[in-house]
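Asks: One structure, as structure tokens, below. Some questions next.
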Amino acid sequence: MKKLNFFASNTINELARPMMASELTEYSPALTIFNDFAEHEPLLIAATATALEAEKLMHSSHVNVMFVVDQADHFSGIVNKEDLSEQEIVKKLSQGFKRNELLVSDFMRSKSELKAFDYAELSLASIEDVIQAFKNSGQQQGLVIDREQQRIRGVLSTSDIAKKLHLPTDIEVRSSFTHVLAHKQH
């Protein structure tokens, strides 16, 4: 057994805290802008849950994206607020679906449709690098995967970056993240 020592604390004045949002810039490390699932449990929902249940859970949990799992609790895809918008629900209703029969699986984006950043690469990148990757790809969100461990570590989105960097934009209305950056540069 290792012996631990106690030390005086009367000369210590500062508390350790996570990087404050006001301290974030596009030059901050990329890992500062996403919640690592190795440290924070992701919000999961079954593919068989109703769209109404998903919408309520998102609202009560104050999240914009949930991870969809199958019956074996394996990752199937993601569903976000925009996927469950009234406009998307009306589209399904016009196809003959009943509102109470609409499932998360009817709205989710399957994992085969999703692009991902590599965690190891991201650990060496800045927020600016992530922004540039989004600009170049036209993507609005990307998973963060640990390819070595074969696990999803988190998700990044243009809307989360805009919020955390306090960019004046309505990401849902904008068709491209380029518009977000145009506001930042003026």
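Just remember, in the structure tokens the first chain shown is A, the second B, etc., residues are 1-based per chain, and ligands are 1-based in the order shown.
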Within 12 Å of region 151-160 of chain A, which residues of region 99-118 of chain A come that close, and what is the closest atom pair and distance in Å for each? Count only C-alpha atoms and give it as JSON lines.

Replies:
```
{"residue": "A:Lys111", "atom": "CA", "partner": "A:Ile152", "partner_atom": "CA", "distance": 10.8}
{"residue": "A:Leu114", "atom": "CA", "partner": "A:Val155", "partner_atom": "CA", "distance": 10.6}
{"residue": "A:Lys115", "atom": "CA", "partner": "A:Val155", "partner_atom": "CA", "distance": 10.2}
{"residue": "A:Ala116", "atom": "CA", "partner": "A:Val155", "partner_atom": "CA", "distance": 8.3}
{"residue": "A:Phe117", "atom": "CA", "partner": "A:Leu156", "partner_atom": "CA", "distance": 8.8}
{"residue": "A:Asp118", "atom": "CA", "partner": "A:Arg153", "partner_atom": "CA", "distance": 9.3}
```

Asks: Write out as JSON, numbers by chain all residues of chain A that backbone DSSP assigns to strand (DSSP E).

Replies: {"A": [44, 45, 46, 65, 66, 67, 68, 69, 75, 76, 77, 78, 79, 80, 109, 110, 116, 117, 118, 141, 142, 143, 144, 145, 146, 151, 152, 153, 154, 155, 156, 157]}

Asks: Can I get the selection written as an mmCIF file, in the first residue's frame, with N, CA and C atoms?

Replies:
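again_21.cif written:
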```cif
data_model
loop_
_atom_site.group_PDB
_atom_site.id
_atom_site.type_symbol
_atom_site.label_atom_id
_atom_site.label_comp_id
_atom_site.auth_asym_id
_atom_site.auth_seq_id
_atom_site.Cartn_x
_atom_site.Cartn_y
_atom_site.Cartn_z
ATOM 1 N N LEU A 44 -29.387 8.413 -24.341
ATOM 2 C CA LEU A 44 -29.762 7.339 -25.259
ATOM 3 C C LEU A 44 -31.271 7.223 -25.357
ATOM 4 N N ILE A 45 -31.721 6.764 -26.525
ATOM 5 C CA ILE A 45 -33.136 6.470 -26.717
ATOM 6 C C ILE A 45 -33.241 5.264 -27.635
ATOM 7 N N ALA A 46 -34.232 4.433 -27.374
ATOM 8 C CA ALA A 46 -34.453 3.243 -28.199
ATOM 9 C C ALA A 46 -35.040 3.641 -29.545
ATOM 10 N N VAL A 65 -29.474 16.612 -29.345
ATOM 11 C CA VAL A 65 -29.222 15.360 -30.060
ATOM 12 C C VAL A 65 -29.237 14.190 -29.076
ATOM 13 N N MET A 66 -29.779 13.075 -29.533
ATOM 14 C CA MET A 66 -29.783 11.848 -28.731
ATOM 15 C C MET A 66 -29.221 10.717 -29.577
ATOM 16 N N PHE A 67 -28.624 9.774 -28.904
ATOM 17 C CA PHE A 67 -28.059 8.613 -29.570
ATOM 18 C C PHE A 67 -29.072 7.483 -29.531
ATOM 19 N N VAL A 68 -29.328 6.929 -30.697
ATOM 20 C CA VAL A 68 -30.348 5.897 -30.850
ATOM 21 C C VAL A 68 -29.678 4.533 -30.752
ATOM 22 N N VAL A 69 -30.283 3.657 -29.942
ATOM 23 C CA VAL A 69 -29.756 2.300 -29.775
ATOM 24 C C VAL A 69 -30.813 1.281 -30.171
ATOM 25 N N PHE A 75 -25.314 1.066 -30.824
ATOM 26 C CA PHE A 75 -25.527 2.338 -31.499
ATOM 27 C C PHE A 75 -26.102 2.117 -32.894
ATOM 28 N N SER A 76 -27.209 2.796 -33.180
ATOM 29 C CA SER A 76 -27.864 2.693 -34.491
ATOM 30 C C SER A 76 -27.794 3.988 -35.280
ATOM 31 N N GLY A 77 -27.791 5.120 -34.571
ATOM 32 C CA GLY A 77 -27.785 6.408 -35.248
ATOM 33 C C GLY A 77 -28.048 7.528 -34.268
ATOM 34 N N ILE A 78 -28.408 8.685 -34.818
ATOM 35 C CA ILE A 78 -28.726 9.834 -33.974
ATOM 36 C C ILE A 78 -30.034 10.448 -34.438
ATOM 37 N N VAL A 79 -30.654 11.144 -33.516
ATOM 38 C CA VAL A 79 -31.842 11.931 -33.835
ATOM 39 C C VAL A 79 -31.656 13.276 -33.139
ATOM 40 N N ASN A 80 -31.977 14.359 -33.850
ATOM 41 C CA ASN A 80 -31.834 15.672 -33.231
ATOM 42 C C ASN A 80 -33.137 16.449 -33.320
ATOM 43 N N ARG A 109 -31.051 9.477 -38.170
ATOM 44 C CA ARG A 109 -30.049 9.293 -39.214
ATOM 45 C C ARG A 109 -29.206 8.090 -38.802
ATOM 46 N N SER A 110 -29.195 7.078 -39.641
ATOM 47 C CA SER A 110 -28.485 5.849 -39.284
ATOM 48 C C SER A 110 -26.981 6.078 -39.292
ATOM 49 N N ALA A 116 -17.472 11.044 -39.215
ATOM 50 C CA ALA A 116 -16.874 11.129 -37.886
ATOM 51 C C ALA A 116 -15.464 11.702 -37.929
ATOM 52 N N PHE A 117 -15.113 12.374 -36.842
ATOM 53 C CA PHE A 117 -13.745 12.810 -36.589
ATOM 54 C C PHE A 117 -13.062 11.717 -35.774
ATOM 55 N N ASP A 118 -11.762 11.564 -35.947
ATOM 56 C CA ASP A 118 -10.992 10.628 -35.136
ATOM 57 C C ASP A 118 -10.537 11.341 -33.863
ATOM 58 N N GLN A 141 -22.685 18.367 -38.472
ATOM 59 C CA GLN A 141 -22.274 17.673 -37.259
ATOM 60 C C GLN A 141 -21.442 16.463 -37.625
ATOM 61 N N GLY A 142 -20.643 16.045 -36.650
ATOM 62 C CA GLY A 142 -19.809 14.869 -36.851
ATOM 63 C C GLY A 142 -19.605 14.148 -35.539
ATOM 64 N N LEU A 143 -19.641 12.834 -35.606
ATOM 65 C CA LEU A 143 -19.334 12.040 -34.428
ATOM 66 C C LEU A 143 -17.851 12.168 -34.125
ATOM 67 N N VAL A 144 -17.475 11.854 -32.912
ATOM 68 C CA VAL A 144 -16.068 11.743 -32.544
ATOM 69 C C VAL A 144 -15.873 10.287 -32.151
ATOM 70 N N ILE A 145 -15.007 9.599 -32.896
ATOM 71 C CA ILE A 145 -14.813 8.172 -32.639
ATOM 72 C C ILE A 145 -13.380 7.886 -32.218
ATOM 73 N N ASP A 146 -13.244 6.900 -31.371
ATOM 74 C CA ASP A 146 -11.939 6.369 -31.002
ATOM 75 C C ASP A 146 -11.768 5.126 -31.860
ATOM 76 N N ARG A 151 -15.051 2.876 -30.427
ATOM 77 C CA ARG A 151 -16.125 3.462 -29.625
ATOM 78 C C ARG A 151 -16.396 4.892 -30.060
ATOM 79 N N ILE A 152 -17.627 5.290 -29.880
ATOM 80 C CA ILE A 152 -18.003 6.680 -30.127
ATOM 81 C C ILE A 152 -17.739 7.454 -28.846
ATOM 82 N N ARG A 153 -16.973 8.534 -28.963
ATOM 83 C CA ARG A 153 -16.599 9.322 -27.797
ATOM 84 C C ARG A 153 -17.456 10.556 -27.620
ATOM 85 N N GLY A 154 -18.138 10.998 -28.690
ATOM 86 C CA GLY A 154 -18.943 12.203 -28.573
ATOM 87 C C GLY A 154 -19.440 12.657 -29.922
ATOM 88 N N VAL A 155 -19.922 13.882 -29.946
ATOM 89 C CA VAL A 155 -20.424 14.477 -31.185
ATOM 90 C C VAL A 155 -20.091 15.966 -31.165
ATOM 91 N N LEU A 156 -19.784 16.491 -32.327
ATOM 92 C CA LEU A 156 -19.552 17.923 -32.503
ATOM 93 C C LEU A 156 -20.567 18.443 -33.497
ATOM 94 N N SER A 157 -21.022 19.666 -33.291
ATOM 95 C CA SER A 157 -21.950 20.257 -34.254
ATOM 96 C C SER A 157 -21.642 21.736 -34.426
#
```

Asks: Check the DSSP output for the backbone and give back, as a ChimeraX atom specification, the residues of chain A in helix (DSSP H, G or I).

Replies: /A:21-23,30-33,51-61,86-94,99-101,104-106,111-113,119-122,127-137,158-164,177-185

Asks: Show me, as an MDAnalysis selection string, the residues that have an atom within 8 Å of region 122-125 of chain A when counting only C-alpha atoms, minus same-chain residues fewer than 4 positions from it.

Replies: chainID A and resid 29:31 117:118 129:130

Asks: Please report the interatomic distance between CA of Gln139 (chain A) and CA of Lys163 (chain A) in Å with one decimal.

Replies: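 Between these atoms lies a distance of 17.0 Å.
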
Asks: Rounded to one decimal, what separation in Å do you get between CA of Val90 (chain A) and CA of Ala47 (chain A)?

Replies: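 Calculated distance between CA of Val90 (chain A) and CA of Ala47 (chain A) is 19.7 Å.
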
Asks: Figure out the distance between CA of Glu101 (chain A) and CA of Ala54 (chain A), please, to one decimal in Å.

Replies: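 About the pair CA of Ala54 (chain A) and CA of Glu101 (chain A): they are 12.7 Å apart.
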
Asks: Could you check which of A:Glu88, A:Glu41, A:Glu23, A:Glu121 is closest to Glu148 (chain A), using only C-alpha atoms?

Replies: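 Among the listed residues, A:Glu121 lies closest to Glu148 (chain A).
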
Asks: Under the rule that only C-alpha atoms are counted, which of A:Leu102, A:Leu43, A:Ala38, A:Leu24 is the nearest residue to Glu128 (chain A)?

Replies: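 Using only C-alpha atoms, Glu128 (chain A) sits closest to A:Leu24.
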
Asks: Give me the residues near Leu84 (chain A) as a list in words, where near means some atom within 8 Å (using only C-alpha atoms) and where sequence neighbours in that chain fewer than 6 positions away do not count.

Replies: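 Selected residues are Ala51, Glu55 and Phe107 of chain A.
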
Asks: Which one is closest to Leu57 (chain A): A:Val104, A:Ala162, A:Ile12, A:Ala120? Count only C-alpha atoms.

Replies: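 Comparing A:Val104, A:Ala162, A:Ile12, A:Ala120 against Leu57 (chain A), the winner is A:Val104.
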
Asks: Could you check the closest approach to Asp83 (chain A) for each of A:Arg147, A:Ala8, A:Asp106, A:Glu113 and tell me which residue wins, using only C-alpha atoms?

Replies: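 Counting only C-alpha atoms, the residue closest to Asp83 (chain A) is A:Asp106.
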
Asks: Please determine, counting only C-alpha atoms, which residue among A:Ala49, A:Val63, A:Ile127, A:Met1 has the shortest atom-to-atom distance to Thr32 (chain A).

Replies: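 Once distances to Thr32 (chain A) are computed over only C-alpha atoms, the minimum belongs to A:Ile127.
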
Asks: Fewer than 6 positions away in the same chain doesn't count, so skip those; otherwise give me all residues within 10 Å of Arg99 (chain A), counting only C-alpha atoms, as a PyMOL selection string.

Replies: chain A and resi 50-52+89-90+92-93

Asks: Let me see the file: selected residues, C-alpha atoms, as a PDB file, in the first residue's frame.

Replies:
```
ATOM      1  CA  THR A  50     -42.102   7.164 -30.126  1.00  0.00           C
ATOM      2  CA  ALA A  51     -41.088  10.461 -31.681  1.00  0.00           C
ATOM      3  CA  LEU A  52     -43.234  12.200 -29.066  1.00  0.00           C
ATOM      4  CA  ILE A  89     -43.680  15.240 -38.448  1.00  0.00           C
ATOM      5  CA  VAL A  90     -46.182  16.809 -40.877  1.00  0.00           C
ATOM      6  CA  LYS A  92     -44.730  11.801 -42.193  1.00  0.00           C
ATOM      7  CA  LEU A  93     -48.399  12.481 -41.438  1.00  0.00           C
TER       8      LEU A  93
END
```
